[in-house]
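**Q** The following file, data_3.pdb, comprises PDB, C-alpha atoms, pLDDT in the B column:
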```
ATOM      1  CA  MET E   1     -44.986 -36.296   2.967  1.00 52.00           C
ATOM      2  CA  THR E   2     -48.584 -35.157   2.656  1.00 55.00           C
ATOM      3  CA  PRO E   3     -50.359 -34.617  -0.686  1.00 61.00           C
ATOM      4  CA  GLN E   4     -50.002 -30.849  -0.156  1.00 69.00           C
ATOM      5  CA  ASN E   5     -46.212 -31.202   0.296  1.00 62.00           C
ATOM      6  CA  PRO E   6     -45.017 -34.060  -1.899  1.00 66.00           C
ATOM      7  CA  ASP E   7     -41.369 -35.048  -1.898  1.00 68.00           C
ATOM      8  CA  PRO E   8     -39.469 -32.981  -4.437  1.00 78.00           C
ATOM      9  CA  VAL E   9     -38.234 -34.686  -7.567  1.00 82.00           C
ATOM     10  CA  ALA E  10     -34.519 -35.441  -7.418  1.00 85.00           C
ATOM     11  CA  ASP E  11     -32.213 -32.995  -9.185  1.00 91.00           C
ATOM     12  CA  THR E  12     -30.835 -34.989 -12.103  1.00 94.00           C
ATOM     13  CA  TRP E  13     -29.412 -31.986 -13.931  1.00 94.00           C
ATOM     14  CA  THR E  14     -26.537 -31.181 -11.579  1.00 94.00           C
ATOM     15  CA  ASN E  15     -25.457 -34.691 -10.670  1.00 95.00           C
ATOM     16  CA  ARG E  16     -26.184 -36.590 -13.865  1.00 97.00           C
ATOM     17  CA  ASP E  17     -27.171 -34.691 -17.007  1.00 97.00           C
ATOM     18  CA  LEU E  18     -24.755 -31.749 -16.847  1.00 96.00           C
ATOM     19  CA  PRO E  19     -21.680 -33.935 -16.158  1.00 97.00           C
ATOM     20  CA  VAL E  20     -22.627 -36.133 -19.135  1.00 98.00           C
ATOM     21  CA  LEU E  21     -23.177 -33.078 -21.349  1.00 97.00           C
ATOM     22  CA  LYS E  22     -19.823 -31.624 -20.304  1.00 97.00           C
ATOM     23  CA  ALA E  23     -18.166 -34.995 -20.993  1.00 98.00           C
ATOM     24  CA  VAL E  24     -19.604 -35.055 -24.532  1.00 98.00           C
ATOM     25  CA  VAL E  25     -18.430 -31.473 -25.147  1.00 97.00           C
ATOM     26  CA  GLU E  26     -14.937 -32.220 -23.793  1.00 96.00           C
ATOM     27  CA  ILE E  27     -14.601 -35.380 -25.907  1.00 98.00           C
ATOM     28  CA  PHE E  28     -15.865 -33.569 -29.009  1.00 97.00           C
ATOM     29  CA  GLU E  29     -13.480 -30.646 -28.460  1.00 95.00           C
ATOM     30  CA  ALA E  30     -10.503 -32.928 -27.817  1.00 97.00           C
ATOM     31  CA  THR E  31     -11.114 -35.401 -30.641  1.00 97.00           C
ATOM     32  CA  GLY E  32     -13.526 -33.856 -33.145  1.00 95.00           C
ATOM     33  CA  LYS E  33     -15.487 -37.118 -33.130  1.00 95.00           C
ATOM     34  CA  THR E  34     -18.987 -36.822 -34.530  1.00 94.00           C
ATOM     35  CA  LYS E  35     -20.007 -40.207 -33.110  1.00 96.00           C
ATOM     36  CA  ILE E  36     -19.080 -40.694 -29.462  1.00 98.00           C
ATOM     37  CA  GLY E  37     -19.595 -44.007 -27.690  1.00 97.00           C
ATOM     38  CA  PRO E  38     -21.563 -44.095 -24.440  1.00 98.00           C
ATOM     39  CA  SER E  39     -18.803 -46.017 -22.633  1.00 98.00           C
ATOM     40  CA  GLU E  40     -16.329 -43.221 -23.427  1.00 98.00           C
ATOM     41  CA  ILE E  41     -18.833 -40.665 -22.140  1.00 98.00           C
ATOM     42  CA  ALA E  42     -19.489 -42.689 -18.972  1.00 98.00           C
ATOM     43  CA  ALA E  43     -15.767 -42.950 -18.259  1.00 98.00           C
ATOM     44  CA  LYS E  44     -15.225 -39.212 -18.818  1.00 98.00           C
ATOM     45  CA  ALA E  45     -18.226 -38.305 -16.627  1.00 98.00           C
ATOM     46  CA  ASN E  46     -17.226 -40.885 -13.996  1.00 98.00           C
ATOM     47  CA  LEU E  47     -20.698 -42.458 -14.112  1.00 98.00           C
ATOM     48  CA  ASP E  48     -21.938 -45.990 -14.649  1.00 98.00           C
ATOM     49  CA  PRO E  49     -23.359 -46.980 -18.074  1.00 97.00           C
ATOM     50  CA  GLU E  50     -27.001 -47.071 -16.917  1.00 97.00           C
ATOM     51  CA  THR E  51     -26.843 -43.591 -15.408  1.00 98.00           C
ATOM     52  CA  THR E  52     -25.120 -42.295 -18.536  1.00 98.00           C
ATOM     53  CA  GLU E  53     -27.851 -43.826 -20.721  1.00 97.00           C
ATOM     54  CA  ARG E  54     -30.570 -42.092 -18.665  1.00 97.00           C
ATOM     55  CA  ALA E  55     -28.693 -38.784 -18.882  1.00 98.00           C
ATOM     56  CA  LEU E  56     -28.329 -39.105 -22.656  1.00 98.00           C
ATOM     57  CA  ARG E  57     -32.069 -39.736 -23.006  1.00 96.00           C
ATOM     58  CA  ALA E  58     -32.750 -36.582 -20.998  1.00 96.00           C
ATOM     59  CA  LEU E  59     -30.252 -34.554 -23.038  1.00 97.00           C
ATOM     60  CA  TYR E  60     -31.902 -35.619 -26.293  1.00 95.00           C
ATOM     61  CA  ARG E  61     -35.204 -34.116 -25.124  1.00 94.00           C
ATOM     62  CA  GLU E  62     -33.892 -30.563 -25.637  1.00 90.00           C
ATOM     63  CA  PRO E  63     -32.002 -31.630 -27.910  1.00 91.00           C
ATOM     64  CA  TYR E  64     -28.484 -30.876 -26.754  1.00 96.00           C
ATOM     65  CA  LEU E  65     -26.937 -33.459 -29.084  1.00 96.00           C
ATOM     66  CA  GLU E  66     -27.087 -34.130 -32.816  1.00 96.00           C
ATOM     67  CA  PRO E  67     -28.738 -37.413 -33.914  1.00 94.00           C
ATOM     68  CA  ALA E  68     -27.564 -40.644 -32.338  1.00 92.00           C
ATOM     69  CA  SER E  69     -27.194 -44.258 -33.375  1.00 94.00           C
ATOM     70  CA  THR E  70     -29.110 -46.796 -31.312  1.00 93.00           C
ATOM     71  CA  ASP E  71     -29.345 -50.565 -31.313  1.00 94.00           C
ATOM     72  CA  PHE E  72     -32.572 -52.535 -31.770  1.00 95.00           C
ATOM     73  CA  GLY E  73     -33.219 -52.281 -28.024  1.00 93.00           C
ATOM     74  CA  GLY E  74     -33.083 -48.487 -28.176  1.00 92.00           C
ATOM     75  CA  HIS E  75     -29.763 -48.238 -26.333  1.00 94.00           C
ATOM     76  CA  PHE E  76     -27.243 -45.690 -27.534  1.00 96.00           C
ATOM     77  CA  VAL E  77     -24.427 -47.030 -29.698  1.00 97.00           C
ATOM     78  CA  ALA E  78     -23.055 -43.562 -30.464  1.00 97.00           C
ATOM     79  CA  VAL E  79     -24.210 -40.011 -29.829  1.00 97.00           C
ATOM     80  CA  GLY E  80     -23.774 -37.097 -32.170  1.00 96.00           C
ATOM     81  CA  PRO E  81     -21.818 -33.919 -31.525  1.00 96.00           C
ATOM     82  CA  PRO E  82     -23.129 -31.242 -29.154  1.00 97.00           C
ATOM     83  CA  THR E  83     -25.468 -28.540 -30.455  1.00 96.00           C
ATOM     84  CA  GLY E  84     -24.831 -24.821 -30.059  1.00 92.00           C
ATOM     85  CA  ASP E  85     -27.162 -24.790 -27.060  1.00 92.00           C
ATOM     86  CA  ALA E  86     -25.114 -27.578 -25.491  1.00 95.00           C
ATOM     87  CA  LEU E  87     -21.910 -25.625 -26.014  1.00 92.00           C
ATOM     88  CA  ARG E  88     -23.450 -22.582 -24.321  1.00 89.00           C
ATOM     89  CA  VAL E  89     -24.795 -24.607 -21.382  1.00 90.00           C
ATOM     90  CA  ALA E  90     -21.439 -26.329 -20.918  1.00 90.00           C
ATOM     91  CA  GLY E  91     -19.684 -22.946 -20.922  1.00 85.00           C
ATOM     92  CA  GLN E  92     -17.848 -23.508 -24.211  1.00 86.00           C
ATOM     93  CA  TRP E  93     -19.692 -20.710 -26.024  1.00 86.00           C
ATOM     94  CA  PRO E  94     -20.850 -17.401 -24.542  1.00 83.00           C
ATOM     95  CA  THR E  95     -24.397 -16.554 -23.568  1.00 82.00           C
ATOM     96  CA  PRO E  96     -25.757 -13.011 -23.692  1.00 84.00           C
ATOM     97  CA  GLU E  97     -25.764 -13.031 -19.882  1.00 85.00           C
ATOM     98  CA  ASN E  98     -22.099 -13.933 -19.474  1.00 83.00           C
ATOM     99  CA  LEU E  99     -21.099 -11.490 -22.221  1.00 85.00           C
ATOM    100  CA  LEU E 100     -22.912  -8.786 -20.257  1.00 88.00           C
ATOM    101  CA  GLU E 101     -21.146  -9.835 -17.036  1.00 88.00           C
ATOM    102  CA  ARG E 102     -17.784  -9.486 -18.794  1.00 87.00           C
ATOM    103  CA  LEU E 103     -18.736  -6.085 -20.237  1.00 89.00           C
ATOM    104  CA  VAL E 104     -19.887  -4.792 -16.836  1.00 91.00           C
ATOM    105  CA  ALA E 105     -16.676  -6.060 -15.202  1.00 93.00           C
ATOM    106  CA  ALA E 106     -14.534  -4.408 -17.906  1.00 93.00           C
ATOM    107  CA  LEU E 107     -16.348  -1.080 -17.547  1.00 93.00           C
ATOM    108  CA  ASP E 108     -16.062  -1.270 -13.770  1.00 92.00           C
ATOM    109  CA  ALA E 109     -12.330  -2.032 -13.982  1.00 94.00           C
ATOM    110  CA  ALA E 110     -11.838   0.824 -16.445  1.00 93.00           C
ATOM    111  CA  GLY E 111     -13.619   3.075 -13.947  1.00 93.00           C
ATOM    112  CA  ASP E 112     -10.855   2.237 -11.455  1.00 95.00           C
ATOM    113  CA  ASP E 113      -8.074   2.893 -13.984  1.00 94.00           C
ATOM    114  CA  GLU E 114      -6.299   6.096 -12.995  1.00 94.00           C
ATOM    115  CA  SER E 115      -5.000   6.604 -16.534  1.00 94.00           C
ATOM    116  CA  PHE E 116      -8.494   7.960 -17.285  1.00 93.00           C
ATOM    117  CA  ASP E 117      -9.543  11.412 -16.076  1.00 94.00           C
ATOM    118  CA  GLU E 118     -11.994  11.508 -13.171  1.00 94.00           C
ATOM    119  CA  PRO E 119     -15.019  12.488 -15.309  1.00 92.00           C
ATOM    120  CA  GLU E 120     -14.329   9.540 -17.659  1.00 94.00           C
ATOM    121  CA  ARG E 121     -13.868   7.128 -14.736  1.00 93.00           C
ATOM    122  CA  SER E 122     -17.128   8.298 -13.224  1.00 94.00           C
ATOM    123  CA  LYS E 123     -18.975   7.755 -16.522  1.00 93.00           C
ATOM    124  CA  LEU E 124     -17.453   4.270 -16.911  1.00 94.00           C
ATOM    125  CA  LYS E 125     -18.564   3.336 -13.384  1.00 93.00           C
ATOM    126  CA  GLN E 126     -22.010   4.748 -14.096  1.00 93.00           C
ATOM    127  CA  ALA E 127     -22.279   2.749 -17.343  1.00 91.00           C
ATOM    128  CA  ALA E 128     -21.264  -0.417 -15.482  1.00 91.00           C
ATOM    129  CA  ALA E 129     -23.897   0.258 -12.818  1.00 92.00           C
ATOM    130  CA  TRP E 130     -26.620   0.904 -15.408  1.00 90.00           C
ATOM    131  CA  LEU E 131     -25.817  -2.185 -17.452  1.00 88.00           C
ATOM    132  CA  GLY E 132     -25.574  -4.295 -14.315  1.00 86.00           C
ATOM    133  CA  SER E 133     -28.984  -3.228 -13.044  1.00 88.00           C
ATOM    134  CA  PHE E 134     -32.035  -1.778 -14.768  1.00 82.00           C
ATOM    135  CA  ALA E 135     -30.575  -1.777 -18.307  1.00 82.00           C
ATOM    136  CA  SER E 136     -29.471  -5.407 -18.106  1.00 83.00           C
ATOM    137  CA  GLY E 137     -32.583  -6.708 -19.874  1.00 84.00           C
ATOM    138  CA  VAL E 138     -32.029  -4.386 -22.825  1.00 84.00           C
ATOM    139  CA  ALA E 139     -28.329  -5.282 -22.967  1.00 82.00           C
ATOM    140  CA  VAL E 140     -29.019  -9.030 -22.852  1.00 81.00           C
ATOM    141  CA  SER E 141     -31.556  -8.642 -25.669  1.00 84.00           C
ATOM    142  CA  ALA E 142     -29.049  -6.694 -27.750  1.00 82.00           C
ATOM    143  CA  LEU E 143     -26.230  -9.167 -27.103  1.00 80.00           C
ATOM    144  CA  GLY E 144     -28.469 -12.101 -27.959  1.00 76.00           C
ATOM    145  CA  GLY E 145     -30.221 -10.442 -30.894  1.00 61.00           C
ATOM    146  CA  ALA E 146     -31.708 -12.497 -33.715  1.00 42.00           C
ATOM    147  CA  GLY E 147     -32.350 -15.441 -31.436  1.00 46.00           C
ATOM    148  CA  GLY E 148     -28.821 -15.447 -30.058  1.00 47.00           C
ATOM    149  CA  HIS E 149     -27.113 -15.533 -33.449  1.00 48.00           C
ATOM    150  CA  MET E 150     -25.283 -12.227 -33.027  1.00 47.00           C
ATOM    151  CA  LEU E 151     -23.184 -13.294 -30.045  1.00 46.00           C
ATOM    152  CA  SER E 152     -19.822 -13.229 -31.781  1.00 45.00           C
ATOM    153  CA  GLY E 153     -20.494  -9.950 -33.618  1.00 42.00           C
TER     154      GLY E 153
END
```
Let's see the structure in the file written out as structure tokens.

**A**
Amino acid sequence: MTPQNPDPVADTWTNRDLPVLKAVVEIFEATGKTKIGPSEIAAKANLDPETTERALRALYREPYLEPASTDFGGHFVAVGPPTGDALRVAGQWPTPENLLERLVAALDAAGDDESFDEPERSKLKQAAAWLGSFASGVAVSALGGAGGHMLSG
């Protein structure tokens, strides 16, 4: 490619980092381990040890994992449990956005429920439309208030 159009950087998130993060979350949820070995993570993610090591290094930049143990060469011996951000990214915990999606879907479904009178159904549909469009930013802010710490209400 030319200098104006360089080759794009490979997507490591989808094919490497996210599968490793999900593997850590799944192992933690299944076992409660607070120190998880890289070989166990590699096996769960179906990746080789070197790729898993690179993914773990990337995941610690956020950080998505609590402190790790490394050997003298800097290789992971054990990684810590996932952080709250990791649990949200892996889909284990809700985000304000997916809470809003569920609320909009529930309001929309209620708007189709014939056990409600027509004026109520119309208002439910209207609320779903508002929250799903121009009011979505306000709703996401409210659902994620205080830096996202009010998610479980």

**Q** Evaluate the PyMOL selection byres ((chain E and resi 66-82) around 12) on the structure here and hand back the selected residues as a PyMOL selection string.

**A** chain E and resi 20-42+49-50+52-57+59-65+83-90+92-93

**Q** For the selection you just gave me, I'd like the residues written to a file as a tab-separated table (two decimals), in the coordinates of the input, keeping C-alpha atoms.

**A**
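Writing the result to again-v4.tsv gives the following:
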```tsv
chain	number	residue	atom	x	y	z
E	20	VAL	CA	-22.63	-36.13	-19.14
E	21	LEU	CA	-23.18	-33.08	-21.35
E	22	LYS	CA	-19.82	-31.62	-20.30
E	23	ALA	CA	-18.17	-34.99	-20.99
E	24	VAL	CA	-19.60	-35.06	-24.53
E	25	VAL	CA	-18.43	-31.47	-25.15
E	26	GLU	CA	-14.94	-32.22	-23.79
E	27	ILE	CA	-14.60	-35.38	-25.91
E	28	PHE	CA	-15.86	-33.57	-29.01
E	29	GLU	CA	-13.48	-30.65	-28.46
E	30	ALA	CA	-10.50	-32.93	-27.82
E	31	THR	CA	-11.11	-35.40	-30.64
E	32	GLY	CA	-13.53	-33.86	-33.15
E	33	LYS	CA	-15.49	-37.12	-33.13
E	34	THR	CA	-18.99	-36.82	-34.53
E	35	LYS	CA	-20.01	-40.21	-33.11
E	36	ILE	CA	-19.08	-40.69	-29.46
E	37	GLY	CA	-19.60	-44.01	-27.69
E	38	PRO	CA	-21.56	-44.10	-24.44
E	39	SER	CA	-18.80	-46.02	-22.63
E	40	GLU	CA	-16.33	-43.22	-23.43
E	41	ILE	CA	-18.83	-40.66	-22.14
E	42	ALA	CA	-19.49	-42.69	-18.97
E	49	PRO	CA	-23.36	-46.98	-18.07
E	50	GLU	CA	-27.00	-47.07	-16.92
E	52	THR	CA	-25.12	-42.30	-18.54
E	53	GLU	CA	-27.85	-43.83	-20.72
E	54	ARG	CA	-30.57	-42.09	-18.66
E	55	ALA	CA	-28.69	-38.78	-18.88
E	56	LEU	CA	-28.33	-39.10	-22.66
E	57	ARG	CA	-32.07	-39.74	-23.01
E	59	LEU	CA	-30.25	-34.55	-23.04
E	60	TYR	CA	-31.90	-35.62	-26.29
E	61	ARG	CA	-35.20	-34.12	-25.12
E	62	GLU	CA	-33.89	-30.56	-25.64
E	63	PRO	CA	-32.00	-31.63	-27.91
E	64	TYR	CA	-28.48	-30.88	-26.75
E	65	LEU	CA	-26.94	-33.46	-29.08
E	83	THR	CA	-25.47	-28.54	-30.46
E	84	GLY	CA	-24.83	-24.82	-30.06
E	85	ASP	CA	-27.16	-24.79	-27.06
E	86	ALA	CA	-25.11	-27.58	-25.49
E	87	LEU	CA	-21.91	-25.62	-26.01
E	88	ARG	CA	-23.45	-22.58	-24.32
E	89	VAL	CA	-24.80	-24.61	-21.38
E	90	ALA	CA	-21.44	-26.33	-20.92
E	92	GLN	CA	-17.85	-23.51	-24.21
E	93	TRP	CA	-19.69	-20.71	-26.02
```

**Q** I'd like the residues picked by the PyMOL selection byres ((chain E and resi 101-108) around 7) written out as a ChimeraX atom specification, using the chain letters and numbers from the file.

**A** /E:97-100,109-112,124-125,128,131-132

**Q** In Å, how far is it from CA of Ala43 (chain E) to CA of Ala10 (chain E)?

**A**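 The value is 22.9 Å.
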
**Q** Point out the residue among E:Ala58, E:Gly137, E:Ala127, E:Glu118 with the least atom-to-atom distance to Thr12 (chain E), counting all atoms listed in the file.

**A**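 Looking at the shortest contact to Thr12 (chain E), the residue is E:Ala58.
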
**Q** Just the number, please: distance in Å from CA of Val9 (chain E) to CA of Leu47 (chain E), one decimal.

**A** 20.3 Å

**Q** Of the candidates E:Pro94, E:Arg121, E:Asp17, E:Ser115, which shows the shortest atom-to-atom distance to Val140 (chain E), using only C-alpha atoms?

**A**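 That would be E:Pro94, the residue with the smallest distance to Val140 (chain E).
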
**Q** So what do you get for CA of Leu18 (chain E) versus CA of Pro96 (chain E), distance-wise?

**A**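 Those two atoms sit 20.0 Å apart.
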